[in-house]
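This is run-v9.txt. It holds compact mmCIF, C-alpha atoms and all ligand atoms.
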# COMPACT_ATOMS: atom_id res chain seq x y z
CA MET A 1 -128.83 61.73 187.27
CA GLU A 2 -131.76 60.30 189.09
CA ASN A 3 -131.69 60.18 192.83
CA THR A 4 -132.95 56.59 192.79
CA LEU A 5 -129.62 55.56 191.29
CA GLY A 6 -128.02 56.53 194.58
CA LEU A 7 -130.23 53.99 196.31
CA GLU A 8 -129.76 51.23 193.76
CA ILE A 9 -126.00 51.40 193.83
CA ILE A 10 -126.05 50.67 197.54
CA GLU A 11 -127.24 47.20 196.64
CA VAL A 12 -124.56 46.88 193.99
CA VAL A 13 -121.74 47.38 196.49
CA GLU A 14 -123.55 45.41 199.18
CA GLN A 15 -123.89 42.35 196.95
CA ALA A 16 -120.24 42.53 195.93
CA ALA A 17 -119.15 42.86 199.55
CA ILE A 18 -121.29 39.95 200.76
CA ALA A 19 -120.00 37.67 197.99
CA SER A 20 -116.39 38.58 198.65
CA SER A 21 -116.65 38.33 202.43
CA LYS A 22 -117.55 34.65 202.12
CA TRP A 23 -113.94 34.22 201.03
CA MET A 24 -112.48 36.20 203.88
CA GLY A 25 -109.45 34.57 205.42
CA LYS A 26 -109.29 31.75 202.92
CA GLY A 27 -106.08 32.87 201.29
CA GLU A 28 -107.72 32.98 197.83
CA LYS A 29 -107.40 36.56 196.63
CA ASN A 30 -108.43 35.81 193.05
CA ILE A 31 -111.63 34.08 194.08
CA ALA A 32 -112.45 36.82 196.59
CA ASP A 33 -112.12 39.26 193.70
CA GLN A 34 -113.92 37.20 191.09
CA VAL A 35 -117.05 36.59 193.16
CA ALA A 36 -117.23 40.31 193.96
CA VAL A 37 -117.00 41.13 190.26
CA GLU A 38 -119.75 38.68 189.36
CA ALA A 39 -122.08 39.87 192.10
CA MET A 40 -121.49 43.54 191.28
CA ARG A 41 -122.10 42.99 187.59
CA GLU A 42 -125.25 40.94 188.14
CA ARG A 43 -126.86 43.57 190.37
CA MET A 44 -125.68 46.44 188.18
CA ASN A 45 -127.31 44.89 185.14
CA LYS A 46 -130.69 45.06 186.86
CA ILE A 47 -130.56 48.86 187.13
CA HIS A 48 -132.60 50.97 184.73
CA MET A 49 -129.61 52.83 183.29
CA ARG A 50 -127.22 53.15 180.36
CA GLY A 51 -123.82 52.68 181.91
CA ARG A 52 -120.33 52.16 180.62
CA ILE A 53 -117.35 50.94 182.63
CA VAL A 54 -114.46 53.42 182.39
CA ILE A 55 -112.38 51.99 185.20
CA GLY A 56 -112.75 48.29 185.73
CA GLU A 57 -111.09 44.98 186.08
CA GLY A 58 -107.66 44.32 184.64
CA GLU A 59 -106.97 46.65 181.73
CA ARG A 60 -103.97 44.51 180.79
CA ASP A 61 -105.27 41.05 181.61
CA GLU A 62 -108.40 41.47 179.46
CA ALA A 63 -110.79 40.55 182.25
CA PRO A 64 -114.04 38.97 181.05
CA MET A 65 -116.32 41.05 183.26
CA LEU A 66 -116.60 44.70 184.19
CA TYR A 67 -113.83 45.37 181.72
CA ILE A 68 -113.20 48.85 180.44
CA GLY A 69 -115.80 49.72 177.81
CA GLU A 70 -118.36 47.13 178.96
CA GLU A 71 -121.91 48.44 178.82
CA VAL A 72 -123.97 47.80 181.91
CA GLY A 73 -127.57 48.39 182.96
CA ILE A 74 -130.89 47.14 181.57
CA CYS A 75 -131.05 49.95 179.05
CA THR A 76 -127.93 48.79 177.23
CA ARG A 77 -129.48 45.45 176.31
CA PRO A 78 -130.21 44.89 172.60
CA ASP A 79 -133.96 44.83 173.34
CA ALA A 80 -133.76 47.93 175.55
CA ALA A 81 -136.18 49.92 173.40
CA ASN A 82 -138.98 47.66 174.68
CA PHE A 83 -138.69 48.90 178.22
CA CYS A 84 -136.45 51.99 178.26
CA ASN A 85 -136.78 55.35 176.63
CA VAL A 86 -133.19 55.06 175.49
CA ASN A 87 -132.92 58.57 174.09
CA GLU A 88 -134.07 60.22 177.29
CA LEU A 89 -131.71 58.37 179.59
CA VAL A 90 -128.49 60.10 180.59
CA GLU A 91 -125.49 57.99 179.64
CA ILE A 92 -123.31 57.38 182.66
CA ASP A 93 -119.71 56.37 183.24
CA ILE A 94 -118.81 54.01 186.06
CA ALA A 95 -115.52 53.30 187.81
CA VAL A 96 -115.51 50.08 189.81
CA ASP A 97 -113.29 48.19 192.18
CA PRO A 98 -115.55 45.33 193.33
CA CYS A 99 -112.93 44.12 195.79
CA GLU A 100 -110.60 46.93 196.81
CA GLY A 101 -107.99 45.20 198.94
CA THR A 102 -108.13 41.61 197.67
CA ASN A 103 -105.17 40.68 199.87
CA LEU A 104 -106.92 42.14 202.89
CA VAL A 105 -109.93 39.90 202.25
CA ALA A 106 -107.82 36.84 201.53
CA TYR A 107 -105.88 37.22 204.77
CA GLY A 108 -108.74 38.46 206.95
CA GLN A 109 -107.31 41.93 207.49
CA ASN A 110 -109.09 45.23 207.96
CA GLY A 111 -109.89 47.88 205.37
CA SER A 112 -111.30 46.14 202.27
CA MET A 113 -114.38 47.49 200.52
CA ALA A 114 -116.48 47.06 197.40
CA VAL A 115 -116.44 50.50 195.75
CA LEU A 116 -117.62 52.39 192.71
CA ALA A 117 -118.00 55.92 191.42
CA ILE A 118 -120.51 57.19 188.88
CA SER A 119 -120.82 60.34 186.83
CA GLU A 120 -122.40 61.38 183.57
CA LYS A 121 -120.52 60.39 180.40
CA GLY A 122 -117.01 61.86 180.41
CA GLY A 123 -117.24 62.84 184.07
CA LEU A 124 -114.54 60.49 185.37
CA PHE A 125 -110.89 60.42 184.31
CA ALA A 126 -110.31 57.10 182.54
CA ALA A 127 -107.04 56.44 184.34
CA PRO A 128 -104.73 53.88 182.80
CA ASP A 129 -103.62 50.87 184.80
CA PHE A 130 -100.58 52.78 186.07
CA TYR A 131 -99.59 54.08 189.46
CA MET A 132 -100.46 57.44 190.92
CA LYS A 133 -98.73 59.65 193.44
CA LYS A 134 -101.49 60.77 195.78
CA LEU A 135 -102.07 63.43 198.37
CA ALA A 136 -105.32 63.40 200.32
CA ALA A 137 -106.15 65.67 203.23
CA PRO A 138 -109.17 67.13 205.08
CA ALA A 139 -111.31 69.90 203.59
CA ALA A 140 -109.66 72.53 205.80
CA ALA A 141 -106.39 71.92 203.97
CA ARG A 142 -107.86 71.84 200.46
CA GLY A 143 -105.80 73.94 198.12
CA HIS A 144 -103.23 74.70 200.82
CA VAL A 145 -101.29 71.45 200.82
CA ASP A 146 -99.74 70.65 197.46
CA ILE A 147 -98.36 67.44 196.00
CA ASN A 148 -95.45 69.42 194.53
CA LYS A 149 -94.33 70.43 198.00
CA SER A 150 -92.25 68.20 200.24
CA ALA A 151 -93.90 66.08 202.93
CA THR A 152 -92.24 68.30 205.52
CA GLU A 153 -93.78 71.46 204.04
CA ASN A 154 -97.18 69.84 203.68
CA LEU A 155 -97.17 68.66 207.28
CA LYS A 156 -96.45 72.19 208.43
CA ILE A 157 -99.32 73.53 206.31
CA LEU A 158 -101.60 70.76 207.51
CA SER A 159 -100.80 71.53 211.12
CA GLU A 160 -101.74 75.18 210.57
CA CYS A 161 -104.94 74.34 208.70
CA LEU A 162 -106.04 71.81 211.30
CA ASN A 163 -104.80 73.88 214.21
CA ARG A 164 -102.83 71.04 215.74
CA ALA A 165 -99.17 70.26 216.20
CA VAL A 166 -97.34 68.24 213.55
CA GLU A 167 -96.78 65.62 216.25
CA GLU A 168 -100.53 65.16 216.46
CA LEU A 169 -100.90 64.36 212.78
CA VAL A 170 -101.23 60.83 211.42
CA VAL A 171 -100.26 60.13 207.82
CA VAL A 172 -101.22 56.90 206.06
CA VAL A 173 -98.59 55.51 203.72
CA MET A 174 -98.60 52.19 201.87
CA ASP A 175 -95.92 49.90 203.27
CA ARG A 176 -93.74 49.57 200.17
CA PRO A 177 -89.99 49.88 199.55
CA ARG A 178 -90.70 52.84 197.28
CA HIS A 179 -91.85 54.82 200.31
CA LYS A 180 -88.76 54.31 202.46
CA GLU A 181 -87.58 57.91 202.16
CA LEU A 182 -91.07 59.37 202.40
CA ILE A 183 -91.73 57.49 205.65
CA GLN A 184 -88.42 58.66 207.07
CA GLU A 185 -89.17 62.25 206.12
CA ILE A 186 -92.62 62.19 207.75
CA ARG A 187 -91.18 60.75 210.94
CA THR A 188 -88.34 63.25 211.00
CA ALA A 189 -90.85 66.08 210.58
CA GLY A 190 -92.50 64.82 213.77
CA ALA A 191 -95.71 63.32 212.45
CA ARG A 192 -96.82 59.75 212.99
CA VAL A 193 -97.11 57.20 210.21
CA ARG A 194 -99.77 54.57 209.84
CA LEU A 195 -98.49 51.93 207.43
CA ILE A 196 -101.03 49.95 205.45
CA SER A 197 -100.38 46.88 203.35
CA ASP A 198 -103.27 47.61 200.93
CA GLY A 199 -106.44 49.61 200.60
CA ASP A 200 -105.54 53.22 199.96
CA VAL A 201 -109.08 54.18 198.87
CA SER A 202 -110.33 53.80 202.40
CA ALA A 203 -107.35 55.76 203.73
CA ALA A 204 -107.95 58.63 201.29
CA ILE A 205 -111.63 58.92 202.19
CA CYS A 206 -110.84 58.76 205.91
CA CYS A 207 -108.99 62.08 205.53
CA ALA A 208 -112.30 63.81 204.86
CA PHE A 209 -113.88 62.61 208.10
CA SER A 210 -112.65 63.97 211.39
CA GLY A 211 -112.64 61.36 214.10
CA THR A 212 -110.81 58.81 211.96
CA ASN A 213 -107.44 59.97 213.30
CA ILE A 214 -106.13 59.99 209.74
CA HIS A 215 -105.04 63.41 208.52
CA ALA A 216 -103.34 62.68 205.22
CA LEU A 217 -102.57 60.00 202.69
CA MET A 218 -99.21 60.34 200.99
CA GLY A 219 -97.32 58.20 198.51
CA ILE A 220 -97.90 56.06 195.47
CA GLY A 221 -100.81 53.65 194.92
CA ALA A 222 -102.76 52.51 191.91
CA ALA A 223 -104.15 55.13 189.49
CA PRO A 224 -107.67 53.67 189.06
CA GLU A 225 -108.10 53.71 192.84
CA GLY A 226 -106.97 57.33 192.75
CA VAL A 227 -109.94 58.28 190.57
CA ILE A 228 -112.42 56.49 192.82
CA SER A 229 -110.90 58.19 195.87
CA ALA A 230 -111.03 61.55 194.10
CA ALA A 231 -114.72 61.07 193.33
CA ALA A 232 -115.49 60.60 197.02
CA LEU A 233 -113.26 63.47 198.14
CA ARG A 234 -114.66 65.81 195.52
CA CYS A 235 -118.18 65.22 196.93
CA LEU A 236 -116.92 65.66 200.50
CA GLY A 237 -114.89 68.79 199.74
CA GLY A 238 -111.63 67.17 200.82
CA HIS A 239 -108.25 67.66 199.24
CA PHE A 240 -107.08 65.17 196.61
CA GLN A 241 -104.32 65.47 194.07
CA GLY A 242 -102.95 62.73 191.85
CA GLN A 243 -100.05 62.49 189.44
CA LEU A 244 -99.61 59.47 187.18
CA ILE A 245 -96.43 57.51 187.77
CA TYR A 246 -95.27 55.72 184.64
CA ASP A 247 -91.63 55.07 185.51
CA PRO A 248 -91.11 51.46 186.70
CA GLU A 249 -87.99 52.55 188.58
CA VAL A 250 -89.99 54.92 190.76
CA VAL A 251 -92.54 52.30 191.82
CA GLN A 252 -89.96 49.56 192.05
CA THR A 253 -92.23 46.88 190.60
CA GLY A 254 -92.31 45.28 187.18
CA LEU A 255 -96.09 45.60 187.09
CA ILE A 256 -96.14 48.51 184.68
CA GLY A 257 -93.72 47.13 182.14
CA GLU A 258 -90.05 47.77 181.90
CA SER A 259 -89.60 51.09 180.26
CA ARG A 260 -90.52 54.60 181.12
CA GLU A 261 -90.43 55.52 177.43
CA GLY A 262 -92.80 52.68 176.47
CA ASN A 263 -95.23 53.78 179.15
CA LEU A 264 -95.06 57.41 178.04
CA ALA A 265 -95.87 56.28 174.50
CA ARG A 266 -98.82 54.30 175.87
CA LEU A 267 -100.09 57.40 177.67
CA ASN A 268 -99.74 59.37 174.46
CA GLU A 269 -101.83 56.82 172.59
CA MET A 270 -104.52 57.31 175.22
CA GLY A 271 -104.46 61.05 174.59
CA ILE A 272 -102.50 61.93 177.74
CA THR A 273 -99.80 64.16 176.35
CA ASP A 274 -98.50 65.49 179.64
CA GLY A 275 -97.64 62.43 181.71
CA ASP A 276 -96.49 64.58 184.64
CA ARG A 277 -99.65 66.60 185.02
CA VAL A 278 -101.05 66.95 188.50
CA TYR A 279 -104.82 66.45 188.65
CA ASN A 280 -107.03 67.61 191.47
CA ALA A 281 -110.26 65.97 192.63
CA ASN A 282 -112.40 68.16 190.37
CA GLU A 283 -110.35 67.12 187.37
CA LEU A 284 -110.31 63.42 188.14
CA ALA A 285 -114.04 63.46 188.86
CA SER A 286 -115.10 66.40 186.72
CA GLY A 287 -118.73 65.54 186.04
CA GLU A 288 -121.57 67.80 187.08
CA THR A 289 -122.93 65.00 189.24
CA VAL A 290 -120.72 62.51 191.02
CA LEU A 291 -121.75 59.58 193.18
CA PHE A 292 -119.58 57.31 195.27
CA ALA A 293 -120.62 54.09 196.96
CA GLY A 294 -118.62 51.74 199.14
CA CYS A 295 -119.51 48.77 201.33
CA GLY A 296 -117.15 47.28 203.90
CA ILE A 297 -116.03 43.73 203.20
CA THR A 298 -113.74 43.38 206.22
CA PRO A 299 -114.04 45.87 209.11
CA GLY A 300 -112.55 49.28 208.51
CA THR A 301 -112.26 52.76 209.97
CA LEU A 302 -115.19 54.02 207.92
CA MET A 303 -117.46 51.02 207.91
CA ASP A 304 -117.92 47.69 209.53
CA GLY A 305 -117.34 44.57 207.48
CA VAL A 306 -119.98 42.04 206.48
CA ARG A 307 -121.34 40.10 209.45
CA PHE A 308 -123.32 36.90 208.96
CA PHE A 309 -125.97 35.60 211.32
CA HIS A 310 -128.36 32.70 211.17
CA GLY A 311 -130.72 33.71 208.39
CA GLY A 312 -128.86 36.62 206.89
CA ALA A 313 -126.08 39.13 206.81
CA ARG A 314 -125.56 42.72 207.89
CA THR A 315 -123.61 45.29 205.92
CA GLN A 316 -122.52 48.88 206.32
CA SER A 317 -122.16 51.14 203.31
CA LEU A 318 -121.36 54.73 202.55
CA VAL A 319 -123.00 56.55 199.67
CA ILE A 320 -121.87 60.06 198.85
CA SER A 321 -123.65 62.30 196.37
CA SER A 322 -122.56 65.63 194.98
CA GLN A 323 -126.13 66.27 193.86
CA SER A 324 -127.95 65.82 197.15
CA LYS A 325 -124.82 66.84 199.11
CA THR A 326 -125.15 63.84 201.37
CA ALA A 327 -122.86 61.23 202.85
CA ARG A 328 -125.16 58.42 203.91
CA PHE A 329 -124.03 55.61 206.13
CA VAL A 330 -126.38 52.75 205.40
CA ASP A 331 -126.80 49.82 207.76
CA THR A 332 -128.60 46.96 206.00
CA VAL A 333 -129.87 43.64 207.21
CA HIS A 334 -130.07 41.15 204.34
CA LEU A 335 -132.56 38.42 205.10
CA SER A 336 -132.28 34.99 203.60
CA ASP A 337 -134.95 32.33 203.74
CA GLU A 338 -135.58 31.94 207.42
CA PRO A 339 -134.44 34.96 209.34
CA LYS A 340 -134.35 34.40 213.06
CA ASN A 341 -133.33 36.60 215.87
CA ILE A 342 -132.27 39.78 214.08
CA GLN A 343 -130.13 41.81 216.39
CA LEU A 344 -131.05 45.50 216.62
CA ARG A 345 -127.44 46.70 216.74
O1 LIG A 401 -104.39 47.87 197.87
C1 LIG A 401 -104.71 48.06 196.75
C2 LIG A 401 -104.89 46.91 195.87
O2 LIG A 401 -106.16 46.90 195.22
P1 LIG A 401 -106.81 45.55 194.64
O3 LIG A 401 -105.90 45.03 193.60
O4 LIG A 401 -108.09 46.06 194.08
O5 LIG A 401 -107.00 44.63 195.76
C3 LIG A 401 -104.95 49.45 196.31
O6 LIG A 401 -105.56 50.15 197.35
C4 LIG A 401 -103.66 50.23 195.98
O7 LIG A 401 -103.98 51.50 195.51
C5 LIG A 401 -102.81 49.70 194.88
O8 LIG A 401 -103.46 48.82 194.06
C6 LIG A 401 -101.48 49.27 195.27
O9 LIG A 401 -100.76 50.30 195.82
C7 LIG A 401 -100.67 48.76 194.10
O10 LIG A 401 -99.36 48.83 194.46
P2 LIG A 401 -98.42 47.60 194.58
O11 LIG A 401 -99.09 46.59 195.47
O12 LIG A 401 -97.18 48.15 195.18
O13 LIG A 401 -98.23 47.07 193.20
MN MN A 402 -108.08 48.11 194.41
MN MN A 403 -109.82 45.14 193.29
Structure translated into structure tokens:
Amino acid sequence: MENTLGLEIIEVVEQAAIASSKWMGKGEKNIADQVAVEAMRERMNKIHMRGRIVIGEGERDEAPMLYIGEEVGICTRPDAANFCNVNELVEIDIAVDPCEGTNLVAYGQNGSMAVLAISEKGGLFAAPDFYMKKLAAPAAARGHVDINKSATENLKILSECLNRAVEELVVVVMDRPRHKELIQEIRTAGARVRLISDGDVSAAICCAFSGTNIHALMGIGAAPEGVISAAALRCLGGHFQGQLIYDPEVVQTGLIGESREGNLARLNEMGITDGDRVYNANELASGETVLFAGCGITPGTLMDGVRFFHGGARTQSLVISSQSKTARFVDTVHLSDEPKNIQLR
């Protein structure tokens, strides 16, 4: 994949974040999401590429844009042969979440981002719109902690790998009834719990950066977000494991239908014969080349949110590439018509 793609996708997430941030705090989660989708799609379609969305908006609600299977990029247009050497271009798969943490944006809370992951065709696990049990941890613990082990055992392993007491560890868990026992177990083991209402992609990626004071992500979140998190952690060398959760009783929501059996059949139709399989980061983002890009919408641990000033906006993004082995924090000033008084920092 061309290196220039890594630069272009910065603008894709930036535009989505700017659009969404205009709806911050307005209590309109659907609009905050929709404008991010439109902005992401518009910018993406200006890139010289042949892309296909493998993780996108609403698998079940048949979203009109950035839906699974949608082709994106200039070189997918019917008249592409006029300006692209279609046969020479690598086909790429794209996983998007233009507004990860729609509630966070709607209620002006921290931790929302516009995110995407890219790989060559077939390089990202096309996760169904199910849930996923997740375990993320720093690189030092990769392959040592294990999603099949109890939280107590994993905390002990983590404390050895990170050379710090269990009491010094912070585990992020989504604040959901389904995690009641998990939270209790982590606390009993001695570690501290940081509860989040939404936004587990940011929490997963934080595990790979020391200084975030986040040492693990445990519990169940959405499966598509798991793949995007895995893409970032694979590039960063962090630990990520995910296991699809298809039983509505386990997640305690009606969002994935009513029957475990029906969901298993749906997985089968998608070619997933072992619904209980545990995938690691290299399996969820298996491509030779993997790129991740995220831009803060509201402020977060990894990045600042979008800030507007007279004549423009400022964004902070993170682009991670397995090819160039880089994690770039990009600070961008977006100038509108009459920029005045641009602050240096
Ligand atoms: O917070 C999230 C929501 O994402 P979005 O819909 O794009 O705003 C994600 O980070 C979570 O992974 C996930 O979607 C959430 O855990 C779903 O669980 P629940 O809210 O309990 O149905
Ligand atoms: Mn999301
Ligand atoms: Mn979203």
Would you write out, as CSV, a table of all residues in chain A that have an atom no more than 10 Å from an atom of ligand LIG 401 (chain A), listing for each the closest atom pair and the distance in Å to one decimal, considering all atoms listed in the file and ordering rows by chain and rising residue number?
residue,atom,partner,partner_atom,distance
A:Lys29,CA,A:LIG401,O5,8.1
A:Asn30,CA,A:LIG401,O5,9.3
A:Ala32,CA,A:LIG401,O5,9.6
A:Asp33,CA,A:LIG401,O5,7.7
A:Gly56,CA,A:LIG401,O4,9.8
A:Glu57,CA,A:LIG401,O4,8.6
A:Gly58,CA,A:LIG401,O3,9.2
A:Val96,CA,A:LIG401,O4,9.5
A:Asp97,CA,A:LIG401,O4,5.9
A:Pro98,CA,A:LIG401,O4,7.5
A:Cys99,CA,A:LIG401,O4,5.5
A:Glu100,CA,A:LIG401,O4,3.8
A:Gly101,CA,A:LIG401,O5,3.4
A:Thr102,CA,A:LIG401,O5,3.7
A:Asn103,CA,A:LIG401,O5,6.0
A:Leu104,CA,A:LIG401,O5,7.6
A:Val105,CA,A:LIG401,O5,8.5
A:Ala106,CA,A:LIG401,O5,9.7
A:Gly111,CA,A:LIG401,O1,9.3
A:Ser112,CA,A:LIG401,O5,7.9
A:Met113,CA,A:LIG401,O4,9.1
A:Ala114,CA,A:LIG401,O4,9.1
A:Val115,CA,A:LIG401,O4,9.6
A:Asp129,CA,A:LIG401,O8,9.5
A:Phe130,CA,A:LIG401,C7,9.0
A:Tyr131,CA,A:LIG401,C7,7.1
A:Met132,CA,A:LIG401,O7,8.3
A:Lys133,CA,A:LIG401,O9,9.9
A:Lys134,CA,A:LIG401,O7,9.6
A:Val173,CA,A:LIG401,O9,9.7
A:Met174,CA,A:LIG401,O9,6.7
A:Asp175,CA,A:LIG401,O12,8.4
A:Arg176,CA,A:LIG401,O12,6.2
A:Pro177,CA,A:LIG401,O12,8.6
A:Arg178,CA,A:LIG401,O12,8.3
A:His179,CA,A:LIG401,O12,10.0
A:Ile196,CA,A:LIG401,O1,8.5
A:Ser197,CA,A:LIG401,O1,6.9
A:Asp198,CA,A:LIG401,O1,3.3
A:Gly199,CA,A:LIG401,O6,3.4
A:Asp200,CA,A:LIG401,O6,4.0
A:Val201,CA,A:LIG401,O6,5.6
A:Ser202,CA,A:LIG401,O6,7.8
A:Ala203,CA,A:LIG401,O6,8.7
A:Ala204,CA,A:LIG401,O6,9.7
A:Gly219,CA,A:LIG401,O9,9.0
A:Ile220,CA,A:LIG401,O9,6.4
A:Gly221,CA,A:LIG401,O9,3.5
A:Ala222,CA,A:LIG401,O7,3.9
A:Ala223,CA,A:LIG401,O7,7.0
A:Pro224,CA,A:LIG401,O7,7.7
A:Glu225,CA,A:LIG401,O7,5.4
A:Gly226,CA,A:LIG401,O7,7.1
A:Ser229,CA,A:LIG401,O7,9.6
A:Val251,CA,A:LIG401,O12,7.1
A:Gln252,CA,A:LIG401,O12,8.0
A:Thr253,CA,A:LIG401,O13,6.5
A:Gly254,CA,A:LIG401,O13,8.6
A:Leu255,CA,A:LIG401,O13,6.6
A:Ile256,CA,A:LIG401,O13,8.9
Which value, in Å to one decimal, gives the distance between CA of Phe83 in chain A and CA of Glu120 in chain A?
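Taking CA of Phe83 in chain A and CA of Glu120 in chain A, their separation equals 21.2 Å.
Minimum distance to His215 in chain A across A:Leu169, A:Leu182, A:Ile272, A:Leu233 (counting all atoms listed in the file) occurs at A:Leu169.
Residues lying at most 8 Å from (-107.9, 62.5, 187.2) in file coordinates, with only C-alpha atoms considered, are A:Leu124, A:Phe125, A:Ala126, A:Ala127, A:Gly226, A:Val227, A:Ala230, A:Gly242, A:Tyr279, A:Asn280, A:Ala281, A:Asn282, A:Glu283, A:Leu284, A:Ala285.
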Polymer residues at most 10 Å from Asn341 in chain A, only C-alpha atoms, same-chain spacing of 6 or more positions, as a PyMOL selection string
chain A and resi 309-311
Selection near Leu335 in chain A, 9 Å with all atoms listed in the file, sequence-local residues under 5 positions removed, as a list in words
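Neighbouring residues, sequence-local ones excluded: Gly311, Gly312, Ala313 and Arg314 of chain A.
Take the candidates A:Ile68, A:Ile9, A:Cys207, A:Ala80 and check each one against Pro138 in chain A using all atoms listed in the file; the shortest distance goes to A:Cys207.
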Mind giving me the straight-line distance from CA of Gly51 in chain A to CA of Glu70 in chain A in Å, one decimal?
8.3 Å
Quick one: distance from CA of Ala141 in chain A to CA of His239 in chain A in Å, one decimal?
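Pair CA of Ala141 in chain A / CA of His239 in chain A returns 6.6 Å.
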Write out as a PDB file with C-alpha atoms, in the coordinates of the input each polymer residue whose atoms come within 10 Å of Val306 in chain A, counting only C-alpha atoms; drop sequence neighbours fewer than 5 positions from it.
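Here's the written file out38.pdb:
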ATOM      1  CA  GLU A  14    -123.550  45.410 199.180  1.00  0.00           C
ATOM      2  CA  ALA A  17    -119.150  42.860 199.550  1.00  0.00           C
ATOM      3  CA  ILE A  18    -121.290  39.950 200.760  1.00  0.00           C
ATOM      4  CA  ALA A  19    -120.000  37.670 197.990  1.00  0.00           C
ATOM      5  CA  SER A  20    -116.390  38.580 198.650  1.00  0.00           C
ATOM      6  CA  SER A  21    -116.650  38.330 202.430  1.00  0.00           C
ATOM      7  CA  LYS A  22    -117.550  34.650 202.120  1.00  0.00           C
ATOM      8  CA  MET A  24    -112.480  36.200 203.880  1.00  0.00           C
ATOM      9  CA  MET A 113    -114.380  47.490 200.520  1.00  0.00           C
ATOM     10  CA  CYS A 295    -119.510  48.770 201.330  1.00  0.00           C
ATOM     11  CA  GLY A 296    -117.150  47.280 203.900  1.00  0.00           C
ATOM     12  CA  ILE A 297    -116.030  43.730 203.200  1.00  0.00           C
ATOM     13  CA  THR A 298    -113.740  43.380 206.220  1.00  0.00           C
ATOM     14  CA  PRO A 299    -114.040  45.870 209.110  1.00  0.00           C
ATOM     15  CA  ALA A 313    -126.080  39.130 206.810  1.00  0.00           C
ATOM     16  CA  ARG A 314    -125.560  42.720 207.890  1.00  0.00           C
ATOM     17  CA  THR A 315    -123.610  45.290 205.920  1.00  0.00           C
ATOM     18  CA  GLN A 316    -122.520  48.880 206.320  1.00  0.00           C
ATOM     19  CA  SER A 317    -122.160  51.140 203.310  1.00  0.00           C
ATOM     20  CA  THR A 332    -128.600  46.960 206.000  1.00  0.00           C
TER      21      THR A 332
END
With only C-alpha atoms as the atoms that count, which of A:Lys180, A:Lys26, A:Arg77, A:Arg41 lies nearest to Glu11 in chain A?
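Nearest candidate to Glu11 in chain A out of A:Lys180, A:Lys26, A:Arg77, A:Arg41: A:Arg41.
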Centre and edge lengths, as JSON, for the axis-aligned box enclosing every listed atom of range 207-213 of chain A with 8 Å of padding on each of the six sides, in Å to one decimal?
{"center_x": -110.7, "center_y": 61.4, "center_z": 209.5, "size_x": 22.4, "size_y": 21.2, "size_z": 25.2}
Looking at A:Ile228, A:Ala139, A:Val319, A:Val90, which one is nearest to ligand MN 402 (chain A), with distances taken over all atoms listed in the file?
A:Ile228
Nearest to ligand MN 402 (chain A): which of A:Leu344, A:Val72, A:Leu116, A:Ile10 is it, counting all atoms listed in the file?
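Of all the options, A:Leu116 lies closest to ligand MN 402 (chain A).
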Spatial neighbours of Leu158 in chain A, max dist 8 Å, only C-alpha atoms, sep filter under 4 positions, as a ChimeraX atom specification:
/A:141,144-145,154,162,166
Find, counting all atoms listed in the file, the residue in A:Leu291, A:Lys121, A:His334, A:Ala140 that gets nearest to Glu160 in chain A.
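Distance minimum relative to Glu160 in chain A lands on A:Ala140.
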Contacts of Ala208 in chain A at 6 Å or less, counting all atoms listed in the file, minus same-chain residues fewer than 2 places along, as a compact mmCIF listing (two decimals) with C-alpha atoms, in the frame of the given file?
# COMPACT_ATOMS: atom_id res chain seq x y z
CA PRO A 138 -109.17 67.13 205.08
CA ILE A 205 -111.63 58.92 202.19
CA CYS A 206 -110.84 58.76 205.91
CA GLY A 238 -111.63 67.17 200.82
